[in-house]
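Read through the structure below, which is laid out as C-alpha cells, and then see the notes.
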Amino acid sequence: MIRSVIKGFGAYLPERRLTNFDLEKMVDTSDEWIVERTGIRERRIAANDETTGSLAIRAAREALANASLTPNQIDLIILATTTPDETLPATATKVQAALGMTSGFAFDIQAACSGFMYALSVADNYIRTGAIRNALVIGADTLSRIVDWTDRNTCVLFGDGAGAVILSAEEGQGTTTDSGILSLILRSDGANRNMLISSGGVSASQSVGKILMEGREVFRFAVENMSKIAHEILSNNGFTIADVDCLVPHQANIRIIDATCRKLGIPSDKVILTLADQGNTSGASVAMALYDGITRGRIKHGDLLLLETMGAGLTWSAGLIRY
Ligand code: UT7
C-alpha cells in the first residue's frame with residue numbers, strides 16, 4: 001500500500017514582532033487580558049514588502065532542501081491560504097515560478113485555519129492513487145492584512161507565517177505501524193459560516209473585507225467538535241489516546257487546547273504549543289507547530305501524531321500521522 005510520508009519540512013516567520021504591550025497602545029486591551037484569555041504574548045507581522053507568497057517561498061525552499069529534492073522532482077504544489085497575493089492566479093504558481101519548477105502543477109485551496117489539513121488530504125489522495133510521487137504542501141497566511149486593527153475582539157489573536165512539508169510516496173504494509181499519513185478526517189458546516197467571516201469579498205463587494213468573529217460561539221464549537229473528531233479518528237484506526245505521542249493542534253487559543261486535552265484525557269506534556277510567540281497564523285498554524293515539534297526534537301521518527309484544526313467555514317479536521 002502506498003503511503004504519503006513526510007520527507008522534509010520548512011517554516012518562515014516574518015521578523016517584525018507585535019507584542020501585547022504594542023496592542024495596548026492601539027486598542028482598549030491589556031497584556032494580562034490577552035495572556036489569560038488566549039495564551040498569546042506576541043505575534044509576527046509581515047513587512048510591507050512581504051506577502052503570503054514570499055513567506056510561502058521561504059518555507060518551501062527550506063522544506064525542499066530538508067528533503068534533498070530538486071524543484072523538478074516535485075509533481076504538485078498545494079498552497080492553503082485565505083490571504084492570496086492576488087485574486088488570480090493562484091499564489092501557488094508564484095511559489096512554483098520562484099522555485100524554478102518547470103513541470104507539474106500548482107494550485108491554492110481555501111479552508112481558513114483548516115486549510116493545511118485540507119491540502120494534506122488532497123495531496124495524500126494524489127499520492128496514494130499513484131498519480132504523483134512528491135508533493136509540496138504549504139500553509140501560509142498574512143491575516144494581518146485583513147484584520148480590523150480597531151477591533152479588540154479579533155486583532156489580538158492573529159499573526160503571519162508559513163509552514164511547509166514535502167510528502168513522498170513510500171510503500172507501506174497497510175497497517176497502522178506504517179510511516180506517513182494514516183488517516184485524515186475533514187468536516188465543514190456551512191450553516192454556521194457567519195460565526196467567522198470577512199465583511200467583504202471579490203464577488204460580493206469587490207473588496208477583501210475585514211475579519212468578523214463571534215468568538216464565544218466559535219470557542220464552544222471548537223472545544224466540542226475537536227474532541228469529538230479526535231475520538232472518531234482514533235477509534236476508526238484502532239487507537240486509544242494512550243497511543244498518541246504528540247498532539248499538534250491548531251493554535252487559536254490556549255483555553256481551547258486545554259479544554260480539548262481535558263476532554264480527551266491527553267497530558268499537557270504531549271502537546272506542541274507555538275501560540276504564545278506566534279498567535280493564530282491560520283493556514284500556517286499546524287504546519288508551523290509540526291515544524292516546531294520536529295526541529296526542537298519533541299517529535300521523533302516513529303511517533304504517532306494527532307493533528308487537529310478548527311476554522312472559518314466552519315471547518316474542522318483531524319489527522320493521524322506516523323512521523
Ligand atoms: O482560528 C479560528 C478559530 N478561532 C477561534 O478559535 C477563536 C475562538 N474564540 C476565542 O478564542 C475567544 O472567544 C476570544 C479570545 C476571541 C474571546 O475570549 P472570551 O473569553 O470568549 O471573551 P468574550 O468574547 O466572552 O468577551 C469577554 C469580555 C467582553 O467584555 P464584556 O462584554 O464582558 O464587558 C469583551 O468585550 O472581554 C472583552 N474583550 C476584551 N477585553 C480586553 C474582548 N476582547 C478583549 C480584549 N481585551 N482584546
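We name chains A, B, ... following the order of the C-alpha cells; residues begin at 1 in each chain, and ligands are numbered from 1 as shown.
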Contacts of Val35 (chain A) at 10 Å (only C-alpha atoms; same-chain gap of 3+ positions) as a PyMOL selection string: chain A and resi 20+30-32+38-42+253-254+276
Would you mind exporting all heavy atoms of the selected residues as a PDB file, in the first residue's frame?
ATOM      1  N   ASN A  20       1.852  42.146  23.009  1.00  0.00           N
ATOM      2  CA  ASN A  20       0.605  42.582  23.654  1.00  0.00           C
ATOM      3  C   ASN A  20       0.731  44.027  24.139  1.00  0.00           C
ATOM      4  O   ASN A  20      -0.252  44.782  24.131  1.00  0.00           O
ATOM      5  CB  ASN A  20       0.289  41.674  24.838  1.00  0.00           C
ATOM      6  CG  ASN A  20      -0.064  40.261  24.390  1.00  0.00           C
ATOM      7  OD1 ASN A  20      -0.269  40.020  23.200  1.00  0.00           O
ATOM      8  ND2 ASN A  20      -0.133  39.343  25.335  1.00  0.00           N
ATOM      9  N   SER A  30      -5.279  44.710  27.376  1.00  0.00           N
ATOM     10  CA  SER A  30      -4.108  44.646  28.258  1.00  0.00           C
ATOM     11  C   SER A  30      -3.381  43.327  28.022  1.00  0.00           C
ATOM     12  O   SER A  30      -3.993  42.324  27.624  1.00  0.00           O
ATOM     13  CB  SER A  30      -4.539  44.736  29.724  1.00  0.00           C
ATOM     14  OG  SER A  30      -5.306  43.588  30.051  1.00  0.00           O
ATOM     15  N   ASP A  31      -2.088  43.365  28.297  1.00  0.00           N
ATOM     16  CA  ASP A  31      -1.294  42.134  28.195  1.00  0.00           C
ATOM     17  C   ASP A  31      -1.930  41.060  29.077  1.00  0.00           C
ATOM     18  O   ASP A  31      -2.061  39.897  28.653  1.00  0.00           O
ATOM     19  CB  ASP A  31       0.143  42.422  28.648  1.00  0.00           C
ATOM     20  CG  ASP A  31       0.980  41.159  28.749  1.00  0.00           C
ATOM     21  OD1 ASP A  31       1.143  40.477  27.731  1.00  0.00           O
ATOM     22  OD2 ASP A  31       1.467  40.844  29.855  1.00  0.00           O
ATOM     23  N   GLU A  32      -2.349  41.453  30.278  1.00  0.00           N
ATOM     24  CA  GLU A  32      -2.926  40.497  31.230  1.00  0.00           C
ATOM     25  C   GLU A  32      -4.165  39.804  30.640  1.00  0.00           C
ATOM     26  O   GLU A  32      -4.293  38.583  30.701  1.00  0.00           O
ATOM     27  CB  GLU A  32      -3.299  41.259  32.505  1.00  0.00           C
ATOM     28  CG  GLU A  32      -3.615  40.380  33.670  1.00  0.00           C
ATOM     29  CD  GLU A  32      -4.167  41.198  34.834  1.00  0.00           C
ATOM     30  OE1 GLU A  32      -4.245  42.445  34.723  1.00  0.00           O
ATOM     31  OE2 GLU A  32      -4.562  40.577  35.828  1.00  0.00           O
ATOM     32  N   THR A  38      -6.186  34.054  26.093  1.00  0.00           N
ATOM     33  CA  THR A  38      -5.773  33.391  24.839  1.00  0.00           C
ATOM     34  C   THR A  38      -4.446  32.631  24.941  1.00  0.00           C
ATOM     35  O   THR A  38      -4.204  31.723  24.146  1.00  0.00           O
ATOM     36  CB  THR A  38      -5.595  34.418  23.687  1.00  0.00           C
ATOM     37  OG1 THR A  38      -4.413  35.188  23.929  1.00  0.00           O
ATOM     38  CG2 THR A  38      -6.777  35.347  23.559  1.00  0.00           C
ATOM     39  N   GLY A  39      -3.561  33.037  25.855  1.00  0.00           N
ATOM     40  CA  GLY A  39      -2.222  32.422  25.931  1.00  0.00           C
ATOM     41  C   GLY A  39      -1.216  33.069  24.993  1.00  0.00           C
ATOM     42  O   GLY A  39      -0.065  32.644  24.925  1.00  0.00           O
ATOM     43  N   ILE A  40      -1.643  34.116  24.259  1.00  0.00           N
ATOM     44  CA  ILE A  40      -0.746  34.747  23.272  1.00  0.00           C
ATOM     45  C   ILE A  40       0.008  35.925  23.917  1.00  0.00           C
ATOM     46  O   ILE A  40      -0.595  36.724  24.634  1.00  0.00           O
ATOM     47  CB  ILE A  40      -1.558  35.243  22.045  1.00  0.00           C
ATOM     48  CG1 ILE A  40      -2.288  34.071  21.376  1.00  0.00           C
ATOM     49  CG2 ILE A  40      -0.639  35.953  21.037  1.00  0.00           C
ATOM     50  CD1 ILE A  40      -3.354  34.484  20.368  1.00  0.00           C
ATOM     51  N   ARG A  41       1.325  36.009  23.638  1.00  0.00           N
ATOM     52  CA  ARG A  41       2.133  37.115  24.156  1.00  0.00           C
ATOM     53  C   ARG A  41       2.602  38.044  23.035  1.00  0.00           C
ATOM     54  O   ARG A  41       2.719  39.233  23.210  1.00  0.00           O
ATOM     55  CB  ARG A  41       3.364  36.593  24.902  1.00  0.00           C
ATOM     56  CG  ARG A  41       2.975  35.878  26.179  1.00  0.00           C
ATOM     57  CD  ARG A  41       4.153  35.357  26.970  1.00  0.00           C
ATOM     58  NE  ARG A  41       3.649  34.619  28.113  1.00  0.00           N
ATOM     59  CZ  ARG A  41       3.289  35.167  29.275  1.00  0.00           C
ATOM     60  NH1 ARG A  41       3.401  36.468  29.443  1.00  0.00           N
ATOM     61  NH2 ARG A  41       2.821  34.425  30.257  1.00  0.00           N
ATOM     62  N   GLU A  42       2.889  37.451  21.885  1.00  0.00           N
ATOM     63  CA  GLU A  42       3.279  38.255  20.724  1.00  0.00           C
ATOM     64  C   GLU A  42       2.981  37.481  19.452  1.00  0.00           C
ATOM     65  O   GLU A  42       2.676  36.281  19.489  1.00  0.00           O
ATOM     66  CB  GLU A  42       4.767  38.641  20.783  1.00  0.00           C
ATOM     67  CG  GLU A  42       5.715  37.463  20.726  1.00  0.00           C
ATOM     68  CD  GLU A  42       7.178  37.911  20.710  1.00  0.00           C
ATOM     69  OE1 GLU A  42       7.525  38.886  21.393  1.00  0.00           O
ATOM     70  OE2 GLU A  42       7.975  37.262  19.990  1.00  0.00           O
ATOM     71  N   ASN A 253      -6.209  29.296  20.628  1.00  0.00           N
ATOM     72  CA  ASN A 253      -6.433  29.800  21.988  1.00  0.00           C
ATOM     73  C   ASN A 253      -6.017  28.701  22.964  1.00  0.00           C
ATOM     74  O   ASN A 253      -6.478  27.566  22.841  1.00  0.00           O
ATOM     75  CB  ASN A 253      -7.926  30.144  22.141  1.00  0.00           C
ATOM     76  CG  ASN A 253      -8.219  30.801  23.475  1.00  0.00           C
ATOM     77  OD1 ASN A 253      -7.667  30.423  24.506  1.00  0.00           O
ATOM     78  ND2 ASN A 253      -9.094  31.792  23.453  1.00  0.00           N
ATOM     79  N   ILE A 254      -5.188  29.033  23.938  1.00  0.00           N
ATOM     80  CA  ILE A 254      -4.703  28.027  24.882  1.00  0.00           C
ATOM     81  C   ILE A 254      -5.871  27.395  25.656  1.00  0.00           C
ATOM     82  O   ILE A 254      -5.825  26.206  26.008  1.00  0.00           O
ATOM     83  CB  ILE A 254      -3.648  28.626  25.870  1.00  0.00           C
ATOM     84  CG1 ILE A 254      -2.948  27.540  26.675  1.00  0.00           C
ATOM     85  CG2 ILE A 254      -4.263  29.638  26.813  1.00  0.00           C
ATOM     86  CD1 ILE A 254      -2.090  26.609  25.883  1.00  0.00           C
ATOM     87  N   ALA A 276       2.020  31.155  21.989  1.00  0.00           N
ATOM     88  CA  ALA A 276       2.487  32.264  22.828  1.00  0.00           C
ATOM     89  C   ALA A 276       3.325  33.245  22.010  1.00  0.00           C
ATOM     90  O   ALA A 276       3.204  34.456  22.168  1.00  0.00           O
ATOM     91  CB  ALA A 276       3.302  31.725  23.995  1.00  0.00           C
TER      92      ALA A 276
END
Expected answer as number ranges by chain: strand (DSSP E or B) residues in region 44-280 of chain A: A: 44-45, 76-80, 105-109, 134-142, 158, 160-171, 180-188, 196-198, 211-213, 246-249, 271, 280
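Taking only C-alpha atoms and all ligand atoms into account, the protein and nucleic acid residues that come at most 6 Å from ligand 1 are Thr29, Ser30, Trp33, Ile34, Arg37, Thr38, Cys113, Arg152, Asn153, Val156, Gly215, Arg216, Val218, Phe219, Ala252, Asn253, Ser282, Met310 and Gly311 of chain A.
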Give me a file of those residues, with N, CA, C and O atoms, as a PDB file, in the first residue's frame.
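The resulting file, selection16.pdb, is shown below:
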ATOM      1  N   THR A  29      -7.125  47.228  25.482  1.00  0.00           N
ATOM      2  CA  THR A  29      -6.841  45.856  25.909  1.00  0.00           C
ATOM      3  C   THR A  29      -5.660  45.885  26.866  1.00  0.00           C
ATOM      4  O   THR A  29      -5.111  46.954  27.154  1.00  0.00           O
ATOM      5  N   SER A  30      -5.279  44.710  27.376  1.00  0.00           N
ATOM      6  CA  SER A  30      -4.108  44.646  28.258  1.00  0.00           C
ATOM      7  C   SER A  30      -3.381  43.327  28.022  1.00  0.00           C
ATOM      8  O   SER A  30      -3.993  42.324  27.624  1.00  0.00           O
ATOM      9  N   TRP A  33      -5.070  40.593  30.037  1.00  0.00           N
ATOM     10  CA  TRP A  33      -6.295  40.006  29.457  1.00  0.00           C
ATOM     11  C   TRP A  33      -5.937  39.039  28.326  1.00  0.00           C
ATOM     12  O   TRP A  33      -6.435  37.918  28.270  1.00  0.00           O
ATOM     13  N   ILE A  34      -5.042  39.474  27.445  1.00  0.00           N
ATOM     14  CA  ILE A  34      -4.729  38.640  26.263  1.00  0.00           C
ATOM     15  C   ILE A  34      -4.071  37.330  26.699  1.00  0.00           C
ATOM     16  O   ILE A  34      -4.446  36.251  26.222  1.00  0.00           O
ATOM     17  N   ARG A  37      -6.783  35.124  28.575  1.00  0.00           N
ATOM     18  CA  ARG A  37      -7.909  34.645  27.755  1.00  0.00           C
ATOM     19  C   ARG A  37      -7.478  33.876  26.509  1.00  0.00           C
ATOM     20  O   ARG A  37      -8.279  33.171  25.914  1.00  0.00           O
ATOM     21  N   THR A  38      -6.186  34.054  26.093  1.00  0.00           N
ATOM     22  CA  THR A  38      -5.773  33.391  24.839  1.00  0.00           C
ATOM     23  C   THR A  38      -4.446  32.631  24.941  1.00  0.00           C
ATOM     24  O   THR A  38      -4.204  31.723  24.146  1.00  0.00           O
ATOM     25  N   CYS A 113      -8.457  28.227   8.719  1.00  0.00           N
ATOM     26  CA  CYS A 113      -7.452  27.645   9.629  1.00  0.00           C
ATOM     27  C   CYS A 113      -7.308  26.139   9.450  1.00  0.00           C
ATOM     28  O   CYS A 113      -6.350  25.542   9.948  1.00  0.00           O
ATOM     29  N   ARG A 152     -10.803  44.998  19.066  1.00  0.00           N
ATOM     30  CA  ARG A 152     -10.024  44.253  20.067  1.00  0.00           C
ATOM     31  C   ARG A 152     -10.451  42.787  20.173  1.00  0.00           C
ATOM     32  O   ARG A 152      -9.724  41.960  20.701  1.00  0.00           O
ATOM     33  N   ASN A 153     -11.662  42.484  19.685  1.00  0.00           N
ATOM     34  CA  ASN A 153     -12.139  41.093  19.733  1.00  0.00           C
ATOM     35  C   ASN A 153     -11.331  40.170  18.816  1.00  0.00           C
ATOM     36  O   ASN A 153     -11.304  38.970  19.025  1.00  0.00           O
ATOM     37  N   VAL A 156      -6.133  40.968  18.454  1.00  0.00           N
ATOM     38  CA  VAL A 156      -5.113  40.451  19.375  1.00  0.00           C
ATOM     39  C   VAL A 156      -4.765  38.988  19.066  1.00  0.00           C
ATOM     40  O   VAL A 156      -3.823  38.445  19.643  1.00  0.00           O
ATOM     41  N   GLY A 215     -16.682  35.246  18.805  1.00  0.00           N
ATOM     42  CA  GLY A 215     -15.633  34.475  19.477  1.00  0.00           C
ATOM     43  C   GLY A 215     -16.158  33.383  20.397  1.00  0.00           C
ATOM     44  O   GLY A 215     -15.697  32.236  20.348  1.00  0.00           O
ATOM     45  N   ARG A 216     -17.124  33.750  21.250  1.00  0.00           N
ATOM     46  CA  ARG A 216     -17.608  32.792  22.250  1.00  0.00           C
ATOM     47  C   ARG A 216     -18.235  31.562  21.593  1.00  0.00           C
ATOM     48  O   ARG A 216     -18.032  30.434  22.028  1.00  0.00           O
ATOM     49  N   VAL A 218     -17.654  30.442  18.473  1.00  0.00           N
ATOM     50  CA  VAL A 218     -16.606  29.652  17.789  1.00  0.00           C
ATOM     51  C   VAL A 218     -15.851  28.818  18.821  1.00  0.00           C
ATOM     52  O   VAL A 218     -15.533  27.647  18.590  1.00  0.00           O
ATOM     53  N   PHE A 219     -15.594  29.428  19.962  1.00  0.00           N
ATOM     54  CA  PHE A 219     -14.884  28.740  21.051  1.00  0.00           C
ATOM     55  C   PHE A 219     -15.630  27.460  21.440  1.00  0.00           C
ATOM     56  O   PHE A 219     -15.045  26.376  21.490  1.00  0.00           O
ATOM     57  N   ALA A 252      -5.135  28.382  18.195  1.00  0.00           N
ATOM     58  CA  ALA A 252      -6.058  29.517  18.226  1.00  0.00           C
ATOM     59  C   ALA A 252      -6.130  30.138  19.608  1.00  0.00           C
ATOM     60  O   ALA A 252      -6.132  31.367  19.743  1.00  0.00           O
ATOM     61  N   ASN A 253      -6.209  29.296  20.628  1.00  0.00           N
ATOM     62  CA  ASN A 253      -6.433  29.800  21.988  1.00  0.00           C
ATOM     63  C   ASN A 253      -6.017  28.701  22.964  1.00  0.00           C
ATOM     64  O   ASN A 253      -6.478  27.566  22.841  1.00  0.00           O
ATOM     65  N   SER A 282      -3.470  30.945  11.280  1.00  0.00           N
ATOM     66  CA  SER A 282      -4.467  30.404  10.349  1.00  0.00           C
ATOM     67  C   SER A 282      -3.940  29.181   9.591  1.00  0.00           C
ATOM     68  O   SER A 282      -3.558  28.200  10.220  1.00  0.00           O
ATOM     69  N   MET A 310      -9.475  23.812  13.445  1.00  0.00           N
ATOM     70  CA  MET A 310     -10.825  24.369  13.523  1.00  0.00           C
ATOM     71  C   MET A 310     -10.743  25.775  12.945  1.00  0.00           C
ATOM     72  O   MET A 310      -9.830  26.531  13.307  1.00  0.00           O
ATOM     73  N   GLY A 311     -11.624  26.113  12.029  1.00  0.00           N
ATOM     74  CA  GLY A 311     -11.533  27.447  11.438  1.00  0.00           C
ATOM     75  C   GLY A 311     -12.815  27.874  10.759  1.00  0.00           C
ATOM     76  O   GLY A 311     -13.857  27.206  10.859  1.00  0.00           O
TER      77      GLY A 311
END
DSSP-assigned alpha helix (DSSP H) members of region 37-226 of chain A, reported as a PyMOL selection string: chain A and resi 37-38+52-67+91-99+115-128+152-155+202-205+215-226
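Each of A:Ile2, A:Val27, A:Ala111, A:Leu196 was compared to Ala284 (chain A) using only C-alpha atoms, and A:Ala111 turns out to be the nearest.
Between CA of Ser54 (chain A) and CA of Asp22 (chain A) the separation is 25.2 Å.
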Polymer residues at most 8 Å from Lys7 (chain A), only C-alpha atoms, same-chain spacing of 5 or more positions, as an mmCIF file with N, CA and C atoms, in the first residue's frame:
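Here's the written file result-v7.cif:
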data_model
loop_
_atom_site.group_PDB
_atom_site.id
_atom_site.type_symbol
_atom_site.label_atom_id
_atom_site.label_comp_id
_atom_site.auth_asym_id
_atom_site.auth_seq_id
_atom_site.Cartn_x
_atom_site.Cartn_y
_atom_site.Cartn_z
ATOM 1 N N ASN A 66 15.551 20.396 2.948
ATOM 2 C CA ASN A 66 15.479 19.399 4.009
ATOM 3 C C ASN A 66 15.194 18.001 3.462
ATOM 4 N N ALA A 67 14.400 17.954 2.382
ATOM 5 C CA ALA A 67 14.064 16.661 1.770
ATOM 6 C C ALA A 67 15.122 16.225 0.756
ATOM 7 N N VAL A 165 5.560 21.198 4.125
ATOM 8 C CA VAL A 165 6.107 19.834 4.195
ATOM 9 C C VAL A 165 6.223 19.273 2.780
ATOM 10 N N ILE A 166 7.155 18.342 2.617
ATOM 11 C CA ILE A 166 7.236 17.544 1.388
ATOM 12 C C ILE A 166 6.662 16.179 1.727
ATOM 13 N N LEU A 167 5.685 15.750 0.951
ATOM 14 C CA LEU A 167 5.134 14.395 1.097
ATOM 15 C C LEU A 167 5.638 13.555 -0.070
ATOM 16 N N SER A 168 6.131 12.354 0.241
ATOM 17 C CA SER A 168 6.616 11.470 -0.824
ATOM 18 C C SER A 168 5.987 10.087 -0.711
#
Near region 134-138 of chain A, within 7 Å and counting only C-alpha atoms, which residues show up once chain neighbours fewer than 3 positions away are dropped, as a PDB file with N, CA, C and O atoms, in the first residue's frame?
ATOM      1  N   ALA A  56       5.610  31.949   1.883  1.00  0.00           N
ATOM      2  CA  ALA A  56       5.475  30.558   1.428  1.00  0.00           C
ATOM      3  C   ALA A  56       6.740  30.088   0.705  1.00  0.00           C
ATOM      4  O   ALA A  56       7.187  28.947   0.878  1.00  0.00           O
ATOM      5  N   GLN A  73      11.659  17.653  -9.109  1.00  0.00           N
ATOM      6  CA  GLN A  73      11.224  16.342  -8.591  1.00  0.00           C
ATOM      7  C   GLN A  73       9.856  16.458  -7.907  1.00  0.00           C
ATOM      8  O   GLN A  73       9.264  15.453  -7.546  1.00  0.00           O
ATOM      9  N   ILE A  74       9.395  17.694  -7.729  1.00  0.00           N
ATOM     10  CA  ILE A  74       8.059  17.910  -7.134  1.00  0.00           C
ATOM     11  C   ILE A  74       7.017  17.865  -8.252  1.00  0.00           C
ATOM     12  O   ILE A  74       7.173  18.506  -9.292  1.00  0.00           O
ATOM     13  N   ASP A  75       5.965  17.094  -8.036  1.00  0.00           N
ATOM     14  CA  ASP A  75       4.913  16.967  -9.060  1.00  0.00           C
ATOM     15  C   ASP A  75       3.758  17.944  -8.827  1.00  0.00           C
ATOM     16  O   ASP A  75       3.026  18.275  -9.753  1.00  0.00           O
ATOM     17  N   LEU A  76       3.601  18.350  -7.571  1.00  0.00           N
ATOM     18  CA  LEU A  76       2.411  19.132  -7.211  1.00  0.00           C
ATOM     19  C   LEU A  76       2.734  20.074  -6.063  1.00  0.00           C
ATOM     20  O   LEU A  76       3.378  19.674  -5.088  1.00  0.00           O
ATOM     21  N   ILE A  77       2.270  21.320  -6.191  1.00  0.00           N
ATOM     22  CA  ILE A  77       2.320  22.253  -5.054  1.00  0.00           C
ATOM     23  C   ILE A  77       0.887  22.622  -4.687  1.00  0.00           C
ATOM     24  O   ILE A  77       0.110  23.046  -5.564  1.00  0.00           O
ATOM     25  N   ILE A  78       0.538  22.449  -3.423  1.00  0.00           N
ATOM     26  CA  ILE A  78      -0.752  22.966  -2.945  1.00  0.00           C
ATOM     27  C   ILE A  78      -0.453  23.984  -1.854  1.00  0.00           C
ATOM     28  O   ILE A  78       0.269  23.689  -0.893  1.00  0.00           O
ATOM     29  N   LEU A  79      -0.993  25.173  -2.022  1.00  0.00           N
ATOM     30  CA  LEU A  79      -0.834  26.225  -1.023  1.00  0.00           C
ATOM     31  C   LEU A  79      -2.194  26.493  -0.391  1.00  0.00           C
ATOM     32  O   LEU A  79      -3.143  26.881  -1.084  1.00  0.00           O
ATOM     33  N   ALA A  80      -2.280  26.271   0.909  1.00  0.00           N
ATOM     34  CA  ALA A  80      -3.511  26.569   1.641  1.00  0.00           C
ATOM     35  C   ALA A  80      -3.403  27.984   2.176  1.00  0.00           C
ATOM     36  O   ALA A  80      -2.497  28.280   2.961  1.00  0.00           O
ATOM     37  N   PHE A 116      -4.395  23.795   5.835  1.00  0.00           N
ATOM     38  CA  PHE A 116      -3.232  22.916   5.671  1.00  0.00           C
ATOM     39  C   PHE A 116      -3.662  21.451   5.690  1.00  0.00           C
ATOM     40  O   PHE A 116      -3.159  20.632   4.913  1.00  0.00           O
ATOM     41  N   ALA A 119      -5.284  20.578   2.466  1.00  0.00           N
ATOM     42  CA  ALA A 119      -4.248  20.440   1.433  1.00  0.00           C
ATOM     43  C   ALA A 119      -3.516  19.105   1.571  1.00  0.00           C
ATOM     44  O   ALA A 119      -3.233  18.436   0.572  1.00  0.00           O
ATOM     45  N   LEU A 120      -3.219  18.721   2.820  1.00  0.00           N
ATOM     46  CA  LEU A 120      -2.575  17.420   3.048  1.00  0.00           C
ATOM     47  C   LEU A 120      -3.439  16.298   2.493  1.00  0.00           C
ATOM     48  O   LEU A 120      -2.947  15.355   1.877  1.00  0.00           O
ATOM     49  N   ALA A 123      -3.301  16.180  -1.360  1.00  0.00           N
ATOM     50  CA  ALA A 123      -2.003  15.649  -1.806  1.00  0.00           C
ATOM     51  C   ALA A 123      -1.902  14.160  -1.499  1.00  0.00           C
ATOM     52  O   ALA A 123      -1.416  13.372  -2.326  1.00  0.00           O
ATOM     53  N   GLY A 163       4.300  27.549   6.799  1.00  0.00           N
ATOM     54  CA  GLY A 163       4.912  26.251   7.102  1.00  0.00           C
ATOM     55  C   GLY A 163       4.728  25.338   5.894  1.00  0.00           C
ATOM     56  O   GLY A 163       3.746  25.478   5.151  1.00  0.00           O
ATOM     57  N   ALA A 164       5.676  24.434   5.691  1.00  0.00           N
ATOM     58  CA  ALA A 164       5.599  23.568   4.501  1.00  0.00           C
ATOM     59  C   ALA A 164       6.109  22.169   4.811  1.00  0.00           C
ATOM     60  O   ALA A 164       6.979  22.010   5.670  1.00  0.00           O
ATOM     61  N   VAL A 165       5.560  21.198   4.125  1.00  0.00           N
ATOM     62  CA  VAL A 165       6.107  19.834   4.195  1.00  0.00           C
ATOM     63  C   VAL A 165       6.223  19.273   2.780  1.00  0.00           C
ATOM     64  O   VAL A 165       5.489  19.682   1.868  1.00  0.00           O
ATOM     65  N   ILE A 166       7.155  18.342   2.617  1.00  0.00           N
ATOM     66  CA  ILE A 166       7.236  17.544   1.388  1.00  0.00           C
ATOM     67  C   ILE A 166       6.662  16.179   1.727  1.00  0.00           C
ATOM     68  O   ILE A 166       7.099  15.543   2.695  1.00  0.00           O
ATOM     69  N   LEU A 167       5.685  15.750   0.951  1.00  0.00           N
ATOM     70  CA  LEU A 167       5.134  14.395   1.097  1.00  0.00           C
ATOM     71  C   LEU A 167       5.638  13.555  -0.070  1.00  0.00           C
ATOM     72  O   LEU A 167       5.557  13.989  -1.229  1.00  0.00           O
ATOM     73  N   SER A 168       6.131  12.354   0.241  1.00  0.00           N
ATOM     74  CA  SER A 168       6.616  11.470  -0.824  1.00  0.00           C
ATOM     75  C   SER A 168       5.987  10.087  -0.711  1.00  0.00           C
ATOM     76  O   SER A 168       5.715   9.617   0.408  1.00  0.00           O
ATOM     77  N   ALA A 169       5.800   9.453  -1.866  1.00  0.00           N
ATOM     78  CA  ALA A 169       5.216   8.106  -1.891  1.00  0.00           C
ATOM     79  C   ALA A 169       6.221   7.090  -1.359  1.00  0.00           C
ATOM     80  O   ALA A 169       7.390   7.114  -1.735  1.00  0.00           O
TER      81      ALA A 169
END
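Residues in contact range of Asp124 (chain A), defined as at most 8 Å between only C-alpha atoms, with sequence neighbours fewer than 3 positions away removed, read Arg3, Ser4, Leu120, Ser121, Ile127, Arg128, Leu167 and Ile181 of chain A.
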Option closest in space to Arg43 (chain A), from A:Ser103, A:Gln278, A:Gln173, A:Thr82 [counting only C-alpha atoms]: A:Gln278
Region 87-89 of chain A surroundings by only C-alpha atoms, 9 Å radius, close-in-sequence under 3 positions cut, as a PyMOL selection string: chain A and resi 84+92-94+107+202
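Residue nearest Ser183 (chain A), chosen from A:Ser199, A:Thr102, A:Ser235, A:Thr309 and counting only C-alpha atoms: A:Ser235.
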